[in-house]
$ cat data33.txt   # compact mmCIF, N, CA and C atoms and all ligand atoms
# COMPACT_ATOMS: atom_id res chain seq x y z
N MET A 1 -30.51 -5.88 1.95
CA MET A 1 -29.71 -6.32 3.10
C MET A 1 -29.60 -5.18 4.10
N GLU A 2 -30.16 -5.35 5.25
CA GLU A 2 -30.05 -4.33 6.28
C GLU A 2 -29.83 -5.03 7.62
N ARG A 3 -28.91 -4.50 8.39
CA ARG A 3 -28.65 -5.08 9.70
C ARG A 3 -28.80 -3.99 10.74
N VAL A 4 -29.54 -4.24 11.81
CA VAL A 4 -29.70 -3.26 12.88
C VAL A 4 -29.15 -3.88 14.16
N VAL A 5 -28.24 -3.16 14.79
CA VAL A 5 -27.62 -3.67 16.01
C VAL A 5 -27.70 -2.58 17.08
N ILE A 6 -28.04 -2.94 18.29
CA ILE A 6 -28.00 -1.99 19.39
C ILE A 6 -26.80 -2.35 20.26
N THR A 7 -25.89 -1.37 20.41
CA THR A 7 -24.71 -1.63 21.23
C THR A 7 -24.88 -0.95 22.59
N ALA A 8 -24.32 -1.57 23.61
CA ALA A 8 -24.50 -1.07 24.98
C ALA A 8 -23.34 -0.22 25.44
N GLY A 9 -22.28 -0.13 24.64
CA GLY A 9 -21.12 0.67 25.02
C GLY A 9 -20.09 0.66 23.91
N PRO A 10 -19.02 1.47 24.08
CA PRO A 10 -18.03 1.63 23.00
C PRO A 10 -17.38 0.31 22.56
N GLU A 11 -17.15 -0.60 23.51
CA GLU A 11 -16.49 -1.85 23.13
C GLU A 11 -17.33 -2.62 22.12
N GLU A 12 -18.64 -2.60 22.32
CA GLU A 12 -19.51 -3.33 21.40
C GLU A 12 -19.54 -2.68 20.02
N THR A 13 -19.47 -1.36 20.01
CA THR A 13 -19.43 -0.65 18.72
C THR A 13 -18.13 -0.96 17.99
N GLN A 14 -17.04 -1.02 18.76
CA GLN A 14 -15.75 -1.38 18.15
C GLN A 14 -15.80 -2.79 17.58
N ARG A 15 -16.42 -3.68 18.32
CA ARG A 15 -16.47 -5.06 17.85
C ARG A 15 -17.24 -5.17 16.53
N LEU A 16 -18.27 -4.36 16.41
CA LEU A 16 -19.06 -4.34 15.18
C LEU A 16 -18.18 -3.87 13.99
N GLY A 17 -17.38 -2.85 14.22
CA GLY A 17 -16.46 -2.37 13.18
C GLY A 17 -15.44 -3.44 12.82
N GLU A 18 -14.98 -4.14 13.83
CA GLU A 18 -14.00 -5.20 13.62
C GLU A 18 -14.61 -6.33 12.78
N GLU A 19 -15.84 -6.67 13.10
CA GLU A 19 -16.53 -7.72 12.34
C GLU A 19 -16.75 -7.30 10.90
N LEU A 20 -17.19 -6.06 10.72
CA LEU A 20 -17.50 -5.60 9.36
C LEU A 20 -16.26 -5.66 8.48
N VAL A 21 -15.14 -5.23 9.01
CA VAL A 21 -13.95 -5.12 8.16
C VAL A 21 -13.49 -6.52 7.71
N GLY A 22 -13.83 -7.51 8.46
CA GLY A 22 -13.51 -8.89 8.07
C GLY A 22 -14.29 -9.36 6.86
N GLU A 23 -15.38 -8.65 6.56
CA GLU A 23 -16.23 -9.04 5.42
C GLU A 23 -15.93 -8.19 4.19
N LEU A 24 -15.03 -7.20 4.32
CA LEU A 24 -14.81 -6.26 3.22
C LEU A 24 -13.73 -6.73 2.28
N GLU A 25 -13.89 -6.32 1.03
CA GLU A 25 -12.87 -6.57 0.03
C GLU A 25 -12.12 -5.27 -0.22
N GLU A 26 -10.91 -5.41 -0.73
CA GLU A 26 -10.14 -4.23 -1.08
C GLU A 26 -10.94 -3.38 -2.09
N GLY A 27 -10.90 -2.07 -1.93
CA GLY A 27 -11.62 -1.18 -2.85
C GLY A 27 -13.00 -0.78 -2.35
N GLU A 28 -13.38 -1.25 -1.17
CA GLU A 28 -14.72 -0.91 -0.67
C GLU A 28 -14.71 0.41 0.13
N VAL A 29 -15.89 1.02 0.18
CA VAL A 29 -16.08 2.28 0.91
C VAL A 29 -17.15 2.06 1.97
N VAL A 30 -16.88 2.56 3.17
CA VAL A 30 -17.84 2.50 4.27
C VAL A 30 -18.19 3.94 4.63
N ALA A 31 -19.47 4.28 4.58
CA ALA A 31 -19.95 5.65 4.77
C ALA A 31 -20.66 5.74 6.12
N LEU A 32 -20.13 6.58 7.03
CA LEU A 32 -20.69 6.68 8.38
C LEU A 32 -21.49 7.97 8.54
N VAL A 33 -22.67 7.84 9.13
CA VAL A 33 -23.57 8.97 9.32
C VAL A 33 -24.08 8.95 10.76
N GLY A 34 -24.02 10.11 11.42
CA GLY A 34 -24.55 10.18 12.78
C GLY A 34 -24.07 11.44 13.46
N GLN A 35 -24.82 11.86 14.48
CA GLN A 35 -24.50 13.10 15.18
C GLN A 35 -23.16 13.04 15.88
N LEU A 36 -22.72 14.21 16.36
CA LEU A 36 -21.52 14.31 17.19
C LEU A 36 -21.58 13.30 18.33
N GLY A 37 -20.51 12.57 18.53
CA GLY A 37 -20.43 11.66 19.66
C GLY A 37 -21.30 10.42 19.54
N SER A 38 -21.77 10.13 18.34
CA SER A 38 -22.65 8.97 18.20
C SER A 38 -21.87 7.66 18.06
N GLY A 39 -20.56 7.75 17.83
CA GLY A 39 -19.75 6.53 17.82
C GLY A 39 -19.03 6.21 16.53
N LYS A 40 -18.97 7.18 15.61
CA LYS A 40 -18.35 6.92 14.31
C LYS A 40 -16.86 6.60 14.45
N THR A 41 -16.14 7.45 15.16
CA THR A 41 -14.70 7.19 15.30
C THR A 41 -14.46 5.91 16.10
N THR A 42 -15.29 5.66 17.07
CA THR A 42 -15.18 4.43 17.85
C THR A 42 -15.30 3.20 16.93
N PHE A 43 -16.22 3.28 16.00
CA PHE A 43 -16.42 2.20 15.02
C PHE A 43 -15.16 2.04 14.15
N VAL A 44 -14.57 3.18 13.73
CA VAL A 44 -13.36 3.12 12.91
C VAL A 44 -12.22 2.48 13.70
N GLN A 45 -12.17 2.75 15.01
CA GLN A 45 -11.14 2.11 15.84
C GLN A 45 -11.28 0.59 15.79
N GLY A 46 -12.51 0.12 15.77
CA GLY A 46 -12.74 -1.32 15.66
C GLY A 46 -12.31 -1.85 14.30
N MET A 47 -12.59 -1.08 13.24
CA MET A 47 -12.15 -1.50 11.91
C MET A 47 -10.62 -1.62 11.89
N ALA A 48 -9.95 -0.65 12.51
CA ALA A 48 -8.49 -0.67 12.55
C ALA A 48 -7.98 -1.91 13.30
N GLN A 49 -8.62 -2.23 14.40
CA GLN A 49 -8.23 -3.44 15.14
C GLN A 49 -8.33 -4.66 14.25
N GLY A 50 -9.44 -4.73 13.49
CA GLY A 50 -9.66 -5.87 12.61
C GLY A 50 -8.62 -5.99 11.51
N LEU A 51 -7.99 -4.86 11.18
CA LEU A 51 -6.95 -4.87 10.14
C LEU A 51 -5.54 -4.91 10.75
N PHE A 52 -5.46 -5.10 12.06
CA PHE A 52 -4.18 -5.18 12.77
C PHE A 52 -3.36 -3.90 12.61
N VAL A 53 -4.05 -2.76 12.62
CA VAL A 53 -3.36 -1.48 12.64
C VAL A 53 -2.79 -1.29 14.04
N LYS A 54 -1.52 -0.89 14.14
CA LYS A 54 -0.91 -0.74 15.47
C LYS A 54 -1.11 0.67 16.02
N GLU A 55 -1.15 1.65 15.12
CA GLU A 55 -1.33 3.03 15.55
C GLU A 55 -2.71 3.24 16.18
N ARG A 56 -2.81 4.24 17.02
CA ARG A 56 -4.10 4.59 17.61
C ARG A 56 -4.88 5.47 16.63
N VAL A 57 -6.11 5.11 16.41
CA VAL A 57 -6.96 5.89 15.52
C VAL A 57 -7.62 7.02 16.30
N THR A 58 -7.43 8.25 15.81
CA THR A 58 -8.06 9.39 16.46
C THR A 58 -8.98 10.06 15.46
N SER A 59 -9.61 11.11 15.87
CA SER A 59 -10.49 11.84 14.98
C SER A 59 -9.68 12.40 13.82
N ALA A 60 -10.20 12.26 12.61
CA ALA A 60 -9.49 12.73 11.42
C ALA A 60 -9.85 14.17 11.09
N SER A 61 -10.71 14.77 11.89
CA SER A 61 -11.30 16.06 11.53
C SER A 61 -10.32 17.11 11.02
N PHE A 62 -9.21 17.25 11.71
CA PHE A 62 -8.33 18.36 11.39
C PHE A 62 -7.48 18.08 10.18
N LEU A 63 -7.33 16.82 9.85
CA LEU A 63 -6.45 16.46 8.74
C LEU A 63 -7.23 16.10 7.49
N LEU A 64 -8.54 15.96 7.62
CA LEU A 64 -9.38 15.55 6.50
C LEU A 64 -9.21 14.07 6.17
N ALA A 65 -7.97 13.60 6.15
CA ALA A 65 -7.78 12.18 5.85
C ALA A 65 -6.48 11.66 6.43
N ARG A 66 -6.51 10.40 6.84
CA ARG A 66 -5.30 9.73 7.31
C ARG A 66 -5.33 8.31 6.79
N THR A 67 -4.19 7.77 6.47
CA THR A 67 -4.13 6.37 6.08
C THR A 67 -3.37 5.59 7.13
N TYR A 68 -3.99 4.53 7.61
CA TYR A 68 -3.35 3.66 8.59
C TYR A 68 -2.91 2.39 7.89
N ARG A 69 -1.73 1.91 8.25
CA ARG A 69 -1.20 0.69 7.64
C ARG A 69 -1.57 -0.51 8.48
N GLY A 70 -2.21 -1.47 7.85
CA GLY A 70 -2.54 -2.72 8.52
C GLY A 70 -2.49 -3.85 7.52
N ARG A 71 -3.30 -4.87 7.73
CA ARG A 71 -3.36 -5.99 6.78
C ARG A 71 -3.60 -5.45 5.37
N MET A 72 -4.39 -4.39 5.26
CA MET A 72 -4.47 -3.56 4.05
C MET A 72 -4.66 -2.13 4.53
N PRO A 73 -4.39 -1.14 3.66
CA PRO A 73 -4.51 0.25 4.12
C PRO A 73 -5.94 0.60 4.52
N LEU A 74 -6.06 1.39 5.57
CA LEU A 74 -7.35 1.92 6.00
C LEU A 74 -7.29 3.43 5.85
N HIS A 75 -8.08 3.96 4.90
CA HIS A 75 -8.12 5.39 4.67
C HIS A 75 -9.29 5.96 5.47
N HIS A 76 -9.01 6.90 6.33
CA HIS A 76 -10.02 7.45 7.24
C HIS A 76 -10.26 8.91 6.86
N LEU A 77 -11.42 9.20 6.33
CA LEU A 77 -11.78 10.56 5.92
C LEU A 77 -12.83 11.12 6.85
N ASP A 78 -12.79 12.46 7.01
CA ASP A 78 -13.81 13.11 7.82
C ASP A 78 -14.34 14.30 7.02
N ALA A 79 -15.59 14.25 6.65
CA ALA A 79 -16.17 15.29 5.79
C ALA A 79 -16.79 16.42 6.60
N TYR A 80 -16.61 16.40 7.92
CA TYR A 80 -17.28 17.37 8.78
C TYR A 80 -16.99 18.81 8.35
N ARG A 81 -15.76 19.08 8.05
CA ARG A 81 -15.36 20.46 7.73
C ARG A 81 -15.45 20.80 6.26
N ILE A 82 -15.94 19.87 5.49
CA ILE A 82 -16.01 20.14 4.05
C ILE A 82 -17.27 20.95 3.75
N SER A 83 -17.07 22.12 3.16
CA SER A 83 -18.24 22.95 2.87
C SER A 83 -18.74 22.70 1.46
N ALA A 84 -17.86 22.30 0.57
CA ALA A 84 -18.29 21.98 -0.79
C ALA A 84 -17.54 20.73 -1.24
N PRO A 85 -18.24 19.81 -1.88
CA PRO A 85 -17.61 18.56 -2.31
C PRO A 85 -16.38 18.77 -3.18
N GLU A 86 -16.32 19.91 -3.89
CA GLU A 86 -15.17 20.16 -4.77
C GLU A 86 -13.87 20.22 -3.97
N GLU A 87 -13.99 20.56 -2.69
CA GLU A 87 -12.79 20.64 -1.85
C GLU A 87 -12.04 19.32 -1.81
N LEU A 88 -12.80 18.23 -1.86
CA LEU A 88 -12.17 16.91 -1.82
C LEU A 88 -11.32 16.69 -3.05
N ALA A 89 -11.82 17.16 -4.19
CA ALA A 89 -11.06 17.01 -5.43
C ALA A 89 -9.79 17.85 -5.34
N GLU A 90 -9.93 19.06 -4.80
CA GLU A 90 -8.78 19.95 -4.70
C GLU A 90 -7.64 19.34 -3.90
N VAL A 91 -7.99 18.62 -2.87
CA VAL A 91 -6.92 18.05 -2.03
C VAL A 91 -6.61 16.61 -2.43
N GLY A 92 -7.12 16.20 -3.57
CA GLY A 92 -6.72 14.90 -4.11
C GLY A 92 -7.32 13.70 -3.41
N LEU A 93 -8.44 13.91 -2.74
CA LEU A 93 -9.01 12.79 -1.98
C LEU A 93 -10.02 11.96 -2.77
N LEU A 94 -10.39 12.45 -3.94
CA LEU A 94 -11.38 11.70 -4.73
C LEU A 94 -10.85 10.32 -5.11
N GLU A 95 -9.55 10.20 -5.18
CA GLU A 95 -8.97 8.90 -5.56
C GLU A 95 -9.17 7.85 -4.46
N LEU A 96 -9.65 8.29 -3.32
CA LEU A 96 -9.95 7.32 -2.26
C LEU A 96 -11.42 6.88 -2.29
N LEU A 97 -12.17 7.39 -3.25
CA LEU A 97 -13.60 7.10 -3.36
C LEU A 97 -13.94 6.53 -4.74
N PRO A 98 -13.72 5.26 -4.98
CA PRO A 98 -13.18 4.27 -4.06
C PRO A 98 -11.65 4.21 -4.14
N PRO A 99 -11.03 3.55 -3.16
CA PRO A 99 -9.57 3.44 -3.15
C PRO A 99 -9.10 2.31 -4.06
N GLU A 100 -7.92 2.48 -4.61
CA GLU A 100 -7.34 1.40 -5.40
C GLU A 100 -6.89 0.27 -4.49
N GLU A 101 -6.34 0.69 -3.37
CA GLU A 101 -5.83 -0.29 -2.39
C GLU A 101 -6.52 -0.07 -1.06
N GLY A 102 -6.82 -1.13 -0.37
CA GLY A 102 -7.38 -1.01 0.97
C GLY A 102 -8.83 -0.57 0.96
N VAL A 103 -9.30 -0.10 2.10
CA VAL A 103 -10.69 0.35 2.21
C VAL A 103 -10.70 1.79 2.72
N THR A 104 -11.77 2.49 2.37
CA THR A 104 -11.96 3.88 2.82
C THR A 104 -13.17 3.93 3.74
N VAL A 105 -13.03 4.63 4.86
CA VAL A 105 -14.17 4.87 5.74
C VAL A 105 -14.32 6.39 5.90
N VAL A 106 -15.54 6.89 5.75
CA VAL A 106 -15.81 8.33 5.73
C VAL A 106 -16.77 8.70 6.85
N GLU A 107 -16.33 9.58 7.77
CA GLU A 107 -17.26 10.12 8.77
C GLU A 107 -18.02 11.30 8.16
N TRP A 108 -19.24 11.52 8.57
CA TRP A 108 -20.11 12.58 8.03
C TRP A 108 -20.29 12.40 6.52
N ALA A 109 -20.45 11.16 6.10
CA ALA A 109 -20.52 10.85 4.67
C ALA A 109 -21.72 11.50 4.00
N ASP A 110 -22.77 11.80 4.77
CA ASP A 110 -23.96 12.43 4.16
C ASP A 110 -23.62 13.81 3.60
N ARG A 111 -22.53 14.42 4.10
CA ARG A 111 -22.16 15.74 3.60
C ARG A 111 -21.56 15.68 2.20
N ILE A 112 -21.10 14.52 1.80
CA ILE A 112 -20.55 14.36 0.45
C ILE A 112 -21.21 13.16 -0.23
N GLY A 113 -22.50 13.02 0.06
CA GLY A 113 -23.25 11.83 -0.38
C GLY A 113 -23.10 11.50 -1.85
N ASP A 114 -23.06 12.54 -2.70
CA ASP A 114 -22.98 12.29 -4.14
C ASP A 114 -21.64 11.68 -4.54
N LEU A 115 -20.66 11.81 -3.68
CA LEU A 115 -19.32 11.30 -4.03
C LEU A 115 -19.08 9.88 -3.51
N ILE A 116 -20.02 9.36 -2.75
CA ILE A 116 -19.86 8.00 -2.22
C ILE A 116 -20.30 7.03 -3.33
N PRO A 117 -19.42 6.11 -3.72
CA PRO A 117 -19.77 5.23 -4.85
C PRO A 117 -21.00 4.37 -4.54
N PRO A 118 -21.82 4.11 -5.56
CA PRO A 118 -22.96 3.20 -5.37
C PRO A 118 -22.44 1.83 -4.94
N GLY A 119 -23.20 1.18 -4.08
CA GLY A 119 -22.78 -0.14 -3.60
C GLY A 119 -21.93 -0.08 -2.34
N SER A 120 -21.74 1.13 -1.80
CA SER A 120 -20.97 1.26 -0.56
C SER A 120 -21.81 0.80 0.63
N ILE A 121 -21.16 0.60 1.75
CA ILE A 121 -21.88 0.22 2.97
C ILE A 121 -22.13 1.47 3.80
N TRP A 122 -23.39 1.76 4.02
CA TRP A 122 -23.77 2.93 4.82
C TRP A 122 -24.07 2.47 6.24
N VAL A 123 -23.50 3.19 7.20
CA VAL A 123 -23.70 2.84 8.60
C VAL A 123 -24.24 4.07 9.33
N HIS A 124 -25.45 3.95 9.87
CA HIS A 124 -26.09 5.06 10.58
C HIS A 124 -26.03 4.82 12.08
N PHE A 125 -25.68 5.87 12.83
CA PHE A 125 -25.55 5.79 14.29
C PHE A 125 -26.59 6.69 14.93
N GLU A 126 -27.33 6.15 15.88
CA GLU A 126 -28.31 6.96 16.60
C GLU A 126 -28.13 6.76 18.11
N HIS A 127 -28.22 7.88 18.84
CA HIS A 127 -28.19 7.80 20.30
C HIS A 127 -29.50 7.21 20.81
N LEU A 128 -29.42 6.26 21.72
CA LEU A 128 -30.59 5.84 22.48
C LEU A 128 -30.33 6.31 23.91
N ASP A 129 -30.97 5.75 24.86
CA ASP A 129 -30.73 6.19 26.24
C ASP A 129 -29.35 5.71 26.73
N GLY A 130 -28.76 6.50 27.60
CA GLY A 130 -27.47 6.14 28.21
C GLY A 130 -26.40 5.92 27.16
N ASP A 131 -25.69 4.82 27.28
CA ASP A 131 -24.60 4.51 26.35
C ASP A 131 -25.08 3.70 25.16
N ARG A 132 -26.35 3.50 25.04
CA ARG A 132 -26.80 2.64 23.95
C ARG A 132 -26.86 3.41 22.62
N ARG A 133 -26.48 2.72 21.56
CA ARG A 133 -26.55 3.29 20.22
C ARG A 133 -27.25 2.30 19.31
N ARG A 134 -28.09 2.83 18.42
CA ARG A 134 -28.67 1.97 17.39
C ARG A 134 -27.85 2.17 16.12
N ILE A 135 -27.32 1.08 15.61
CA ILE A 135 -26.43 1.15 14.44
C ILE A 135 -27.06 0.32 13.32
N THR A 136 -27.29 0.99 12.20
CA THR A 136 -27.96 0.35 11.06
C THR A 136 -26.99 0.27 9.90
N LEU A 137 -26.79 -0.94 9.38
CA LEU A 137 -25.86 -1.13 8.26
C LEU A 137 -26.64 -1.59 7.03
N ARG A 138 -26.40 -0.94 5.93
CA ARG A 138 -27.02 -1.40 4.68
C ARG A 138 -26.14 -1.02 3.49
N ARG A 139 -26.19 -1.86 2.50
CA ARG A 139 -25.43 -1.58 1.28
C ARG A 139 -26.34 -0.85 0.30
N ARG A 140 -25.88 0.25 -0.20
CA ARG A 140 -26.70 0.94 -1.22
C ARG A 140 -25.84 1.83 -2.12
N1 LIG B 201 -22.50 2.32 22.51
C1 LIG B 201 -21.51 3.21 22.25
N2 LIG B 201 -20.89 3.19 21.04
C2 LIG B 201 -19.94 4.09 20.75
N3 LIG B 201 -19.49 5.04 21.58
C3 LIG B 201 -20.07 5.10 22.80
C4 LIG B 201 -21.08 4.20 23.17
N4 LIG B 201 -21.47 4.49 24.45
C5 LIG B 201 -20.72 5.53 24.82
N5 LIG B 201 -19.88 5.92 23.86
C6 LIG B 201 -18.95 7.05 23.95
O1 LIG B 201 -19.42 8.03 23.04
C7 LIG B 201 -18.29 8.69 22.44
C8 LIG B 201 -18.33 8.48 20.94
O2 LIG B 201 -17.34 9.26 20.39
P1 LIG B 201 -16.86 9.14 18.89
O3 LIG B 201 -15.66 10.00 18.77
O4 LIG B 201 -16.74 7.72 18.47
O5 LIG B 201 -18.11 9.79 18.13
P2 LIG B 201 -18.15 10.41 16.66
O6 LIG B 201 -19.45 9.99 16.10
O7 LIG B 201 -16.93 10.04 15.90
O8 LIG B 201 -18.17 11.97 16.93
P3 LIG B 201 -17.72 13.17 15.96
O9 LIG B 201 -18.92 13.50 15.15
O10 LIG B 201 -17.36 14.25 16.90
O11 LIG B 201 -16.59 12.70 15.10
C9 LIG B 201 -17.05 8.09 23.04
O12 LIG B 201 -16.66 8.89 24.12
C10 LIG B 201 -17.52 6.74 23.51
O13 LIG B 201 -16.79 6.25 24.62
MG MG B 202 -15.49 11.17 14.90
$ encode --input "data33.txt" --output "structure tokens"
Amino acid sequence: MERVVITAGPEETQRLGEELVGELEEGEVVALVGQLGSGKTTFVQGMAQGLFVKERVTSASFLLARTYRGRMPLHHLDAYRISAPEELAEVGLLELLPPEEGVTVVEWADRIGDLIPPGSIWVHFEHLDGDRRRITLRRR
């Protein structure tokens, strides 16, 4: 199962995140991969909308993880600053991979690839020209 979508701007990327979250079950993990500014956080904002989160979703980089309350919890992790996967265990974040409640979404998931449970949804973001992004979703 692989889906490839080209979005023309941030709103379309958000809509894709919103659609995806409607198909997820509690306990699932979504792994995001893509360069700086490729649209990962924008996608998470769409997921949050789909879960009726009222808070504004921002970059999780400095906090490593944030949980937003919505229809079910949305755990937002950012592995950008993680230099060794053991750091996640140290700060108690392994219990979110997978989560007991809600769903977990991880930015820079390729940096902690071994810790992403098999069967997770991987989403790759690539810059095309202008505001266009190629977004590839597959379960693996
Ligand atoms: N098609 C698009 N999809 C998503 N974002 C887009 C698109 N076109 C333009 N943008 C802009 O690109 C930027 C994407 O930023 P965003 O924070 O989502 O990226 P990111 O992948 O999370 O970056 P970082 O690696 O720094 O966390 C935003 O400013 C957004 O408005
Ligand atoms: Mg981001």
$ atom_distance --input "data33.txt" --atom1 "atom CA of Leu97 of chain A" --atom2 "atom CA of Ser120 of chain A"
9.8 Å
$ closest_residue --input "data33.txt" --among "A:Tyr68, A:Val57, A:Arg138, A:Gly39" --to "Ile121 of chain A" --atoms "all atoms listed in the file"
A:Arg138
$ closest_residue --input "data33.txt" --among "A:Thr136, A:Ser83, A:Gln49, A:Thr58" --to "Glu2 of chain A" --atoms "all atoms listed in the file"
A:Thr136
$ closest_residue --input "data33.txt" --among "A:Pro117, A:Pro99, A:Gly70, A:Gly34" --to "ligand LIG 201 (chain B)" --atoms "all atoms listed in the file"
A:Gly34
$ axis_aligned_box --input "data33.txt" --around "ligand LIG 201 (chain B)" --padding-each-side "3 Å" --output "JSON"
{"center_x": -19.1, "center_y": 8.3, "center_z": 20.0, "size_x": 12.8, "size_y": 17.9, "size_z": 15.7}
$ residues_around --input "data33.txt" --residues "segment 12-29 of chain A" --least-positions-apart "4" --cutoff "8 Å" --atoms "all atoms listed in the file" --output "VMD selection string"
chain A and resid 6 to 8 39 41 to 51 72 96 to 106 116 to 117 119 to 122
$ residues_around --input "data33.txt" --residues "Val4 of chain A" --least-positions-apart "3" --cutoff "7 Å" --atoms "only N, CA and C atoms" --output "list in words"
Arg134, Ile135, Thr136 and Leu137 of chain A
$ select_by_dssp --input "data33.txt" --residues "segment 31-72 of chain A" --states "strand (DSSP E)" --output "ChimeraX atom specification"
/A:31-34,65-68
$ write_last_selection --input "data33.txt" --atoms "N, CA and C atoms" --output "tab-separated table (two decimals), in the coordinates of the input"
chain	number	residue	atom	x	y	z
A	31	ALA	N	-19.47	4.28	4.58
A	31	ALA	CA	-19.95	5.65	4.77
A	31	ALA	C	-20.66	5.74	6.12
A	32	LEU	N	-20.13	6.58	7.03
A	32	LEU	CA	-20.69	6.68	8.38
A	32	LEU	C	-21.49	7.97	8.54
A	33	VAL	N	-22.67	7.84	9.13
A	33	VAL	CA	-23.57	8.97	9.32
A	33	VAL	C	-24.08	8.95	10.76
A	34	GLY	N	-24.02	10.11	11.42
A	34	GLY	CA	-24.55	10.18	12.78
A	34	GLY	C	-24.07	11.44	13.46
A	65	ALA	N	-7.97	13.60	6.15
A	65	ALA	CA	-7.78	12.18	5.85
A	65	ALA	C	-6.48	11.66	6.43
A	66	ARG	N	-6.51	10.40	6.84
A	66	ARG	CA	-5.30	9.73	7.31
A	66	ARG	C	-5.33	8.31	6.79
A	67	THR	N	-4.19	7.77	6.47
A	67	THR	CA	-4.13	6.37	6.08
A	67	THR	C	-3.37	5.59	7.13
A	68	TYR	N	-3.99	4.53	7.61
A	68	TYR	CA	-3.35	3.66	8.59
A	68	TYR	C	-2.91	2.39	7.89
$ closest_residue --input "data33.txt" --among "A:Gly92, A:Pro10, A:Pro73, A:Pro118" --to "Gly37 of chain A" --atoms "only C-alpha atoms"
A:Pro10
$ closest_residue --input "data33.txt" --among "A:Lys40, A:Arg140, A:Arg3, A:Arg71" --to "ligand LIG 201 (chain B)" --atoms "only C-alpha atoms and all ligand atoms"
A:Lys40
$ atom_distance --input "data33.txt" --atom1 "atom N of Trp108 of chain A" --atom2 "atom C of Lys54 of chain A"
22.4 Å
$ select_by_dssp --input "data33.txt" --residues "segment 21-105 of chain A" --states "alpha helix (DSSP H)" --output "list in words"
Val21, Lys40, Thr41, Thr42, Phe43, Val44, Gln45, Gly46, Met47, Ala48, Gln49, Gly50, Glu86, Glu87, Leu88, Ala89 and Glu90 of chain A
$ atom_distance --input "data33.txt" --atom1 "atom CA of Ser38 of chain A" --atom2 "atom CA of Leu93 of chain A"
24.7 Å
$ closest_residue --input "data33.txt" --among "A:His124, A:Arg66, A:Arg139, A:Arg133" --to "Val5 of chain A" --atoms "only N, CA and C atoms"
A:Arg133
$ decode --input "data33.txt" --residues "segment 84-106 of chain A" --atoms "C-alpha atoms" --output "PDB file, in the first residue's frame"
ATOM      1  CA  ALA A  84      21.447   8.706  20.267  1.00  0.00           C
ATOM      2  CA  PRO A  85      18.235   6.670  20.438  1.00  0.00           C
ATOM      3  CA  GLU A  86      18.970   5.862  24.095  1.00  0.00           C
ATOM      4  CA  GLU A  87      18.119   9.470  24.901  1.00  0.00           C
ATOM      5  CA  LEU A  88      14.479   8.693  24.220  1.00  0.00           C
ATOM      6  CA  ALA A  89      14.522   5.952  26.810  1.00  0.00           C
ATOM      7  CA  GLU A  90      16.172   8.271  29.315  1.00  0.00           C
ATOM      8  CA  VAL A  91      13.402  10.801  29.048  1.00  0.00           C
ATOM      9  CA  GLY A  92      10.689   8.165  29.151  1.00  0.00           C
ATOM     10  CA  LEU A  93       9.473   8.607  25.607  1.00  0.00           C
ATOM     11  CA  LEU A  94       9.749   4.982  24.542  1.00  0.00           C
ATOM     12  CA  GLU A  95       6.333   4.378  26.031  1.00  0.00           C
ATOM     13  CA  LEU A  96       4.925   6.491  23.212  1.00  0.00           C
ATOM     14  CA  LEU A  97       6.330   4.075  20.610  1.00  0.00           C
ATOM     15  CA  PRO A  98       3.677   2.831  20.376  1.00  0.00           C
ATOM     16  CA  PRO A  99       1.356   4.775  22.703  1.00  0.00           C
ATOM     17  CA  GLU A 100      -1.152   3.053  24.934  1.00  0.00           C
ATOM     18  CA  GLU A 101      -3.630   5.817  24.287  1.00  0.00           C
ATOM     19  CA  GLY A 102      -4.031   8.004  21.243  1.00  0.00           C
ATOM     20  CA  VAL A 103      -1.592   8.236  18.355  1.00  0.00           C
ATOM     21  CA  THR A 104       2.061   9.271  18.139  1.00  0.00           C
ATOM     22  CA  VAL A 105       3.539  11.291  15.293  1.00  0.00           C
ATOM     23  CA  VAL A 106       7.341  11.624  15.030  1.00  0.00           C
TER      24      VAL A 106
END
